[in-house]
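For reference, input_38.tsv (TSV, C-alpha atoms):
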```tsv
chain	number	residue	atom	x	y	z
M	1	MET	CA	0.00	0.00	0.00
M	2	HIS	CA	1.32	3.45	-0.89
M	3	LEU	CA	2.16	5.86	1.93
M	4	ALA	CA	-0.67	8.24	1.02
M	5	SER	CA	-3.19	5.37	1.07
M	6	ARG	CA	-1.88	4.14	4.43
M	7	LEU	CA	-2.05	7.62	5.92
M	8	MET	CA	-5.64	8.09	4.78
M	9	ALA	CA	-6.60	4.62	6.10
M	10	GLU	CA	-5.07	5.31	9.53
M	11	PRO	CA	-6.75	8.41	10.96
M	12	SER	CA	-4.47	10.47	13.17
M	13	SER	CA	-5.38	12.58	16.14
M	14	TYR	CA	-2.79	15.01	14.81
M	15	SER	CA	-4.58	17.41	12.47
M	16	ALA	CA	-3.08	19.23	9.51
M	17	GLN	CA	-3.87	22.49	11.27
M	18	ALA	CA	-1.98	21.40	14.39
M	19	ALA	CA	0.91	20.16	12.26
M	20	ALA	CA	1.19	23.53	10.52
M	21	GLN	CA	1.42	25.25	13.91
M	22	GLU	CA	4.46	23.33	15.11
M	23	PRO	CA	7.07	25.84	16.38
M	24	PHE	CA	9.82	24.39	14.18
M	25	MET	CA	7.86	25.09	10.98
M	26	ALA	CA	8.92	28.77	10.92
M	27	THR	CA	12.56	27.66	11.25
M	28	ILE	CA	12.20	25.11	8.45
M	29	ARG	CA	10.60	27.72	6.18
M	30	GLU	CA	13.39	30.20	6.89
M	31	LEU	CA	16.03	27.53	6.30
M	32	VAL	CA	14.51	26.72	2.90
M	33	ARG	CA	14.18	30.42	1.96
M	34	THR	CA	17.79	31.02	2.97
M	35	TYR	CA	19.02	28.03	1.00
M	36	GLN	CA	17.06	29.12	-2.07
M	37	ALA	CA	18.42	32.68	-1.83
M	38	PHE	CA	22.01	31.48	-1.36
M	39	SER	CA	21.74	28.84	-4.07
M	40	GLY	CA	20.25	31.25	-6.62
M	41	TYR	CA	22.80	33.93	-5.89
M	42	SER	CA	25.75	31.52	-5.90
M	43	GLU	CA	24.57	29.90	-9.14
M	44	GLY	CA	24.40	33.31	-10.83
M	45	PHE	CA	27.89	34.13	-9.63
M	46	VAL	CA	29.54	30.92	-10.92
M	47	ARG	CA	27.63	31.10	-14.22
M	48	ARG	CA	29.67	34.24	-14.99
M	49	PHE	CA	32.60	31.83	-15.35
M	50	ASP	CA	30.55	29.62	-17.73
M	51	LEU	CA	30.20	26.93	-15.05
M	52	THR	CA	27.29	25.20	-13.40
M	53	PRO	CA	27.33	25.01	-9.59
M	54	ALA	CA	28.35	21.34	-9.79
M	55	GLN	CA	31.18	22.12	-12.22
M	56	PHE	CA	32.39	24.92	-9.95
M	57	ASP	CA	32.28	22.52	-6.99
M	58	VAL	CA	34.59	20.09	-8.84
M	59	ILE	CA	36.97	22.86	-9.99
M	60	ALA	CA	37.13	24.27	-6.44
M	61	THR	CA	37.70	20.80	-5.00
M	62	LEU	CA	40.51	19.96	-7.44
M	63	GLY	CA	42.20	23.36	-7.09
M	64	ASN	CA	45.51	23.37	-5.21
M	65	THR	CA	45.72	19.55	-5.44
M	66	SER	CA	47.64	17.13	-7.63
M	67	GLY	CA	44.36	15.47	-8.54
M	68	MET	CA	41.87	13.08	-6.96
M	69	SER	CA	40.10	9.85	-7.71
M	70	MET	CA	36.43	9.99	-8.62
M	71	GLY	CA	35.65	8.52	-5.19
M	72	GLU	CA	37.56	11.30	-3.43
M	73	ILE	CA	35.82	13.97	-5.50
M	74	GLY	CA	32.46	12.38	-4.66
M	75	GLU	CA	33.26	12.45	-0.94
M	76	LYS	CA	34.43	16.07	-0.94
M	77	THR	CA	31.73	17.63	-3.11
M	78	LEU	CA	27.98	18.01	-2.82
M	79	ILE	CA	27.46	16.09	-6.07
M	80	THR	CA	25.66	12.76	-6.11
M	81	LYS	CA	27.59	9.80	-7.47
M	82	GLY	CA	25.18	9.42	-10.40
M	83	THR	CA	25.67	13.03	-11.47
M	84	LEU	CA	29.45	13.24	-10.97
M	85	THR	CA	30.44	11.31	-14.11
M	86	GLY	CA	28.42	13.64	-16.33
M	87	VAL	CA	29.90	16.72	-14.63
M	88	ILE	CA	33.42	15.34	-15.14
M	89	ASP	CA	32.63	14.51	-18.79
M	90	ARG	CA	31.48	18.09	-19.46
M	91	LEU	CA	34.51	19.61	-17.71
M	92	GLU	CA	36.76	17.36	-19.78
M	93	ARG	CA	35.04	18.49	-23.00
M	94	LYS	CA	35.64	22.11	-21.92
M	95	GLY	CA	39.33	21.31	-21.53
M	96	LEU	CA	39.31	22.12	-17.79
M	97	ILE	CA	40.15	18.68	-16.43
M	98	VAL	CA	41.92	15.55	-17.61
M	99	ARG	CA	41.60	11.93	-16.50
M	100	GLU	CA	44.75	9.90	-16.00
M	101	VAL	CA	45.28	6.29	-14.97
M	102	SER	CA	46.68	6.15	-11.44
M	103	SER	CA	50.33	5.10	-11.32
M	104	SER	CA	49.75	3.23	-8.05
M	105	ASP	CA	46.49	1.50	-9.05
M	106	ARG	CA	45.83	1.04	-12.75
M	107	ARG	CA	42.12	0.38	-11.99
M	108	SER	CA	41.75	3.90	-10.59
M	109	THR	CA	41.40	7.13	-12.55
M	110	ILE	CA	42.82	10.39	-11.24
M	111	VAL	CA	41.09	13.61	-12.26
M	112	LYS	CA	43.31	16.70	-12.49
M	113	LEU	CA	42.87	20.29	-13.54
M	114	THR	CA	44.47	21.19	-16.85
M	115	SER	CA	46.48	24.40	-17.05
M	116	GLN	CA	43.32	26.06	-18.42
M	117	GLY	CA	41.34	24.62	-15.48
M	118	ASP	CA	43.92	25.92	-13.02
M	119	VAL	CA	43.77	29.41	-14.55
M	120	LEU	CA	39.99	29.32	-14.13
M	121	PHE	CA	40.33	28.06	-10.53
M	122	GLN	CA	42.86	30.82	-9.71
M	123	ALA	CA	40.38	33.44	-10.99
M	124	ALA	CA	36.99	32.05	-9.96
M	125	PHE	CA	37.65	30.58	-6.52
M	126	PRO	CA	39.15	33.68	-4.85
M	127	ALA	CA	36.52	35.89	-6.51
M	128	HIS	CA	33.74	33.66	-5.16
M	129	ILE	CA	35.23	33.59	-1.66
M	130	ALA	CA	35.68	37.38	-1.66
M	131	ASP	CA	32.08	37.81	-2.76
M	132	MET	CA	30.80	35.44	-0.05
M	133	LYS	CA	32.96	37.22	2.55
M	134	GLN	CA	31.36	40.54	1.62
M	135	HIS	CA	27.87	39.09	2.13
M	136	LEU	CA	28.76	37.35	5.39
M	137	ALA	CA	30.81	40.20	6.89
M	138	PRO	CA	27.88	41.62	8.89
M	139	ILE	CA	27.61	38.33	10.76
M	140	GLY	CA	30.28	37.95	13.43
M	141	VAL	CA	32.71	35.03	13.53
M	142	SER	CA	31.20	33.66	16.74
M	143	GLU	CA	27.70	33.91	15.26
M	144	LEU	CA	28.84	32.03	12.16
M	145	ASP	CA	30.38	29.37	14.39
M	146	ASP	CA	27.15	29.08	16.40
M	147	LEU	CA	25.19	28.81	13.15
M	148	ARG	CA	27.50	26.08	11.87
M	149	VAL	CA	27.05	24.09	15.09
M	150	LEU	CA	23.26	24.47	14.96
M	151	LEU	CA	23.10	23.51	11.28
M	152	ASN	CA	25.24	20.47	12.03
M	153	ARG	CA	22.86	19.44	14.82
M	154	LEU	CA	19.89	19.97	12.51
M	155	GLY	CA	21.55	17.86	9.81
M	156	ASP	CA	22.33	15.12	12.33
M	157	ALA	CA	18.62	14.94	13.18
M	158	PHE	CA	17.96	13.76	9.60
M	159	ARG	CA	21.07	11.66	8.91
M	160	SER	CA	20.76	7.96	9.47
```
How does the structure come out when it is put into structure tokens?
Amino acid sequence: MHLASRLMAEPSSYSAQAAAQEPFMATIRELVRTYQAFSGYSEGFVRRFDLTPAQFDVIATLGNTSGMSMGEIGEKTLITKGTLTGVIDRLERKGLIVREVSSSDRRSTIVKLTSQGDVLFQAAFPAHIADMKQHLAPIGVSELDDLRVLLNRLGDAFRS
């Protein structure tokens, strides 16, 4: 039985009106609004460098490194495993990254920035950080730390 069918078959003493009044709902709404605002702004910023947010994430992750395996990139980025291969393919077509067979494990592929990719990283990453710093400057360091701790706790409530 589908979840919706089960929920309708099992009446709850918890009404939709009561559910909407839960104190945490205002926090959840603000979290979503904040994420949408940040995501939209950040996407617009990285698109100026002819990159998608996922492509920028890979470029930023590979910057200042000698390269990483696909598994390492997957662990360090916010990109799902199923999406990562396509992102890497597009960056390779743009000439920004190259795949090389690992010298220590011929079954593993190492992804590295090309010289063109490194030039882009050296321009885009500091510009993005400077832009973010400008927006976050009004929030004190201790407040940002408190926010990070609270967001971590919130995330832990949903991680299995």
### Query
Which residues come within 12 Å of region 72-86 of chain M, counting all atoms listed in the file, excluding same-chain residues fewer than 3 positions away, as a list in words?
Thr52, Pro53, Ala54, Gln55, Phe56, Asp57, Val58, Ile59, Ala60, Thr61, Leu62, Gly63, Thr65, Gly67, Met68, Ser69, Asp89, Arg90, Leu91, Glu92, Arg93, Arg99, Ser108, Thr109, Ile110, Val111 and Lys112 of chain M
#### Entry: Nearby residues (all atoms listed in the file) at most 8 Å from region 114-128 of chain M, same-chain spacing under 5 positions excluded, as an MDAnalysis selection string
chainID M and resid 45:46 49 59:60 63 95:98
### Task
Calculate how many Å separate CA of Phe38 (chain M) from CA of Met132 (chain M), rounding to one decimal.
9.7 Å
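Reported to one decimal place, the separation of CA of Ile28 (chain M) from CA of Leu136 (chain M) is 20.8 Å.
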### Query
Separation of CA of Leu144 (chain M) and CA of Arg33 (chain M), in Å?
17.9 Å
